[in-house]
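One structure below.
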There are 4 protein chains.
Amino acid sequence: MRTIDPVKHEEKRAEILEAAERCFARDGFHGATIAQICAEAKISAGHLYHYFASKEAIVSAIVDAGVEGAASRFAELTESSNAITALVSELARLRALHRKSGAGVHLDVLAEAGRSPAIGAVIQESSKGVRRLLADLLRKGQSRGQIDPDLDADMAAAVLISVNDGSKSLLIRDPKLDAKRSAKAFEAMITRFLSPR
Amino acid sequence: MRTIDPVKHEEKRAEILEAAERCFARDGFHGATIAQICAEAKISAGHLYHYFASKEAIVSAIVDAGVEGAASRFAELTESSNAITALVSELARLRALHRKSGAGVHLDVLAEAGRSPAIGAVIQESSKGVRRLLADLLRKGQSRGQIDPDLDADMAAAVLISVNDGSKSLLIRDPKLDAKRSAKAFEAMITRFLSPR
Amino acid sequence: MRTIDPVKHEEKRAEILEAAERCFARDGFHGATIAQICAEAKISAGHLYHYFASKEAIVSAIVDAGVEGAASRFAELTESSNAITALVSELARLRALHRKSGAGVHLDVLAEAGRSPAIGAVIQESSKGVRRLLADLLRKGQSRGQIDPDLDADMAAAVLISVNDGSKSLLIRDPKLDAKRSAKAFEAMITRFLSPR
Amino acid sequence: MRTIDPVKHEEKRAEILEAAERCFARDGFHGATIAQICAEAKISAGHLYHYFASKEAIVSAIVDAGVEGAASRFAELTESSNAITALVSELARLRALHRKSGAGVHLDVLAEAGRSPAIGAVIQESSKGVRRLLADLLRKGQSRGQIDPDLDADMAAAVLISVNDGSKSLLIRDPKLDAKRSAKAFEAMITRFLSPR
DNA sequence: CATGAATGAGCTTTCATTCAT
DNA sequence: CATGAATGAAAGCTCATTCAT
């Protein structure tokens, strides 16, 4: 009975996930092929299916991992003294992140979620989680008097998430866009949106 | 003895474009097939290539057509007495439009533009045009005292376009989202962003 | 508007069907591959799908063609003066046929029909037709006093079809089986089964 | 220090065989996978290969086991006072058996035997054994005056086996076939075939 | 202008089998 | 004895594009 380490299994899974992430970032959900992902992860084509049931399942896993990341970051944000500046810089951080790794996947996955019920469900579940966390954050800001108490926290959270989604298009529409000036404009919008009047 | 009627040619082109738009909206850029588009346009597969050199060329043409539409709408907006409410309602109109026809293509095309240089170039050209029009609109609002004169009009235009892009994700992330409440949140954000202080 | 001959289309379809039949006979339903069939029919892999929607659809078409053949042969049998000898020799003819072309497909398709609803439906429909034809034949024999009037014509037809199915196993179970002696045994069984007492 | 217990080994082999039989009955020879069989037998994929050299070897073993079963049943039949009714009810028993467990495998294996030399050899060997047993039974009936002495016992045995094979197709061709009426038709055919004139 | 037959590379996925542990 | 990770060939099928008619 030599049942082998489930830890190793998880590690391999994570390796494949990282490989897939790189491929999706480079070529998009449809552009990236299983063969590429396997090559990147240095496993055989067939073996990938010991870890993931389908290409879609890989995307699901990536998205799921994203929620957990968001949760931990939001937990930190709650600690910060100024809710708005914290949020503004978090959004800036996300923009910078995608400036490096390519925003394609993010939009690709969203578009795919609009069509594939499987991925759609994953995205909706994930969004619900993130939105709740973000709304809590906003409400905390409201109770501290840092954020306009008249705002509908839940909807403001949804809008902020969509603003983040939209920011993925900035560099696609203008790759030479001045980072500082655009950051300033975003900051202005968010700050004015959330500040008490 | 067969003279080419350039008018008829353009009409056919437009018909195909509309058919393609319906297909892309339904199934996305990758999901829609040439065969589907041909069926929808009621022409043969081979014949489509008399009008468009490739699938990408169809997308390019659709995007190009989008700029012209935006131009004429913005021209109308310039006439309106209140620049901000006009803008807010235009953005609301676009959201409503996509609520019906599916936002998938919009995001799909953006994602594709991030990868394919061909489509990327088209999107960038188109974005430049729309952004200039929008920035002009904003500057006009500033000169009339309706919009905060301290705003960087050019960047604000870029941000507003990206806000519009992001709004495509709203219903994907939560298909049951309350339309009125979310519209109100958007309105608040745009209004506060642009209003003189 | 050069709509091309639907006749040519049918001819090509028939060619592919014949090629497929050869492949199925050689390697069975699962053993034969689309690639083999295409090679045998001298067309490309993709082109086959202009004529048949799937591998299963090819089997369906083959089975359907079989019913038509059976119908025309049964029509001839009705003319013959002695119903029983006619039937006996028809069954012998079918055994001889499969002695040449391999009985594998026949059993393969039946087995597949027991599992795949798609093929099952085709086989059931086809069987219904053949059985009705055969039962009519038997009833005609009964009215002429050549066949035992006490027999349940419909069930006898079903049993005879199953006897034919079973005869496909004869050579598989013993490739060296003496053809004449086994034919005689079959003849005895059928004759005694159907003859008036 | 680890001595192999040949009894345990045989028990495990039998367990796997039963599991495989269930899988083959459900999904056919090609449809059933090694993974399924292993799951059903609650062993690992690799371990199965300690007991059977290949998927074909499993089929061989199942077929072999079938002969032994037939031998013991035929031994009982020899005891019965009326050879024909005993045979008729044995065939009915086999039909009823397959009505429950699915006849697919039987036909599947026969079809496979027509192609694979390995399985073909096993089936031929097994058939030879069963046929000899059955022929002996018939000859015993002849010597007792219960069966037509003019019949070629050996060929009659072959034909009866093929009738049994063919009966597997009855329900596939018509799943709603009336069991009693069809049983009666079979009974009539067998009885008239074998009875002295 | 217009058709649709034809291509062929490429896709995701499956699965019997092997082997290090 | 026993596991399950790993392989890799091959399967069915799709689709943008070309071309003879």
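Naming scheme: A, B, ... for chains in displayed order of the structure tokens; residues 1 onward per chain; ligands 1 onward as shown.
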
Assign secondary structure with DSSP using the backbone only, and return the residues of region 20-173 of chain B in alpha helix (DSSP H) as a VMD selection string. chain B and resid 20 to 31 34 to 41 45 to 48 55 to 79 83 to 101 104 to 113 117 to 143 153 to 167 170 to 173

Specify as a ChimeraX atom specification all residues of chain A found within 10 Å of chain E, counting only C-alpha atoms (C1' of nucleotides). /A:2,4,33-35,45-46,49,53-55

Can I get the selected residues back with N, CA, C and O atoms, as an mmCIF file, in the first residue's frame?
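Saved result, again_30.cif, follows:
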```
data_model
loop_
_atom_site.group_PDB
_atom_site.id
_atom_site.type_symbol
_atom_site.label_atom_id
_atom_site.label_comp_id
_atom_site.auth_asym_id
_atom_site.auth_seq_id
_atom_site.Cartn_x
_atom_site.Cartn_y
_atom_site.Cartn_z
ATOM 1 N N ARG A 2 1.452 1.546 -1.111
ATOM 2 C CA ARG A 2 2.379 2.666 -1.157
ATOM 3 C C ARG A 2 1.683 3.898 -1.727
ATOM 4 O O ARG A 2 2.042 4.422 -2.775
ATOM 5 N N ILE A 4 0.935 7.310 -2.681
ATOM 6 C CA ILE A 4 1.955 8.345 -2.845
ATOM 7 C C ILE A 4 1.434 9.732 -2.503
ATOM 8 O O ILE A 4 0.290 10.084 -2.751
ATOM 9 N N THR A 33 -2.496 26.162 -27.026
ATOM 10 C CA THR A 33 -2.927 24.780 -27.251
ATOM 11 C C THR A 33 -2.457 23.892 -26.100
ATOM 12 O O THR A 33 -1.491 24.218 -25.398
ATOM 13 N N ILE A 34 -3.153 22.785 -25.965
ATOM 14 C CA ILE A 34 -2.769 21.810 -24.941
ATOM 15 C C ILE A 34 -1.316 21.391 -25.155
ATOM 16 O O ILE A 34 -0.558 21.248 -24.200
ATOM 17 N N ALA A 35 -0.953 21.227 -26.399
ATOM 18 C CA ALA A 35 0.415 20.801 -26.703
ATOM 19 C C ALA A 35 1.423 21.823 -26.178
ATOM 20 O O ALA A 35 2.433 21.454 -25.569
ATOM 21 N N ALA A 45 1.279 15.029 -23.414
ATOM 22 C CA ALA A 45 -0.088 15.507 -23.640
ATOM 23 C C ALA A 45 -1.088 14.734 -22.790
ATOM 24 O O ALA A 45 -1.945 15.310 -22.124
ATOM 25 N N GLY A 46 -0.938 13.424 -22.813
ATOM 26 C CA GLY A 46 -1.905 12.607 -22.094
ATOM 27 C C GLY A 46 -1.856 12.832 -20.592
ATOM 28 O O GLY A 46 -2.879 12.792 -19.910
ATOM 29 N N TYR A 49 -4.056 15.247 -18.515
ATOM 30 C CA TYR A 49 -5.435 14.890 -18.183
ATOM 31 C C TYR A 49 -5.547 14.052 -16.920
ATOM 32 O O TYR A 49 -6.631 13.666 -16.529
ATOM 33 N N ALA A 53 -9.371 17.870 -16.112
ATOM 34 C CA ALA A 53 -10.299 17.111 -16.952
ATOM 35 C C ALA A 53 -10.429 17.696 -18.349
ATOM 36 O O ALA A 53 -10.812 17.007 -19.290
ATOM 37 N N SER A 54 -10.105 18.969 -18.494
ATOM 38 C CA SER A 54 -10.261 19.609 -19.799
ATOM 39 C C SER A 54 -9.530 20.939 -19.801
ATOM 40 O O SER A 54 -9.050 21.407 -18.764
ATOM 41 N N LYS A 55 -9.464 21.533 -20.962
ATOM 42 C CA LYS A 55 -8.846 22.854 -21.076
ATOM 43 C C LYS A 55 -9.623 23.845 -20.199
ATOM 44 O O LYS A 55 -9.028 24.678 -19.526
#
```

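In plain terms, chain C touches chain D through Gly104, Leu107, Asp108, Ala111, Gly114, Gln124, Ser127, Met155, Ala156, Ser162, Val163, Asp165, Gly166, Ser167, Ile172, Arg173, Asp174, Ser182, Ala185, Met189, Arg192 and Phe193 of chain C, where touching means an atom at most 6 Å away, counting only C-alpha atoms.
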
When you get a sec, could you note down which chain F residues fall within 8 Å of chain C, using only C-alpha atoms (C1' of nucleotides), as a tab-separated table (two decimals) with C-alpha atoms (C1' of nucleotides), in the first residue's frame?
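File written: result39.tsv
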```
chain	number	residue	atom	x	y	z
F	11	DA	C1'	-8.50	8.98	-32.79
F	12	DG	C1'	-12.54	11.86	-34.58
F	14	DT	C1'	-13.18	21.43	-37.36
```
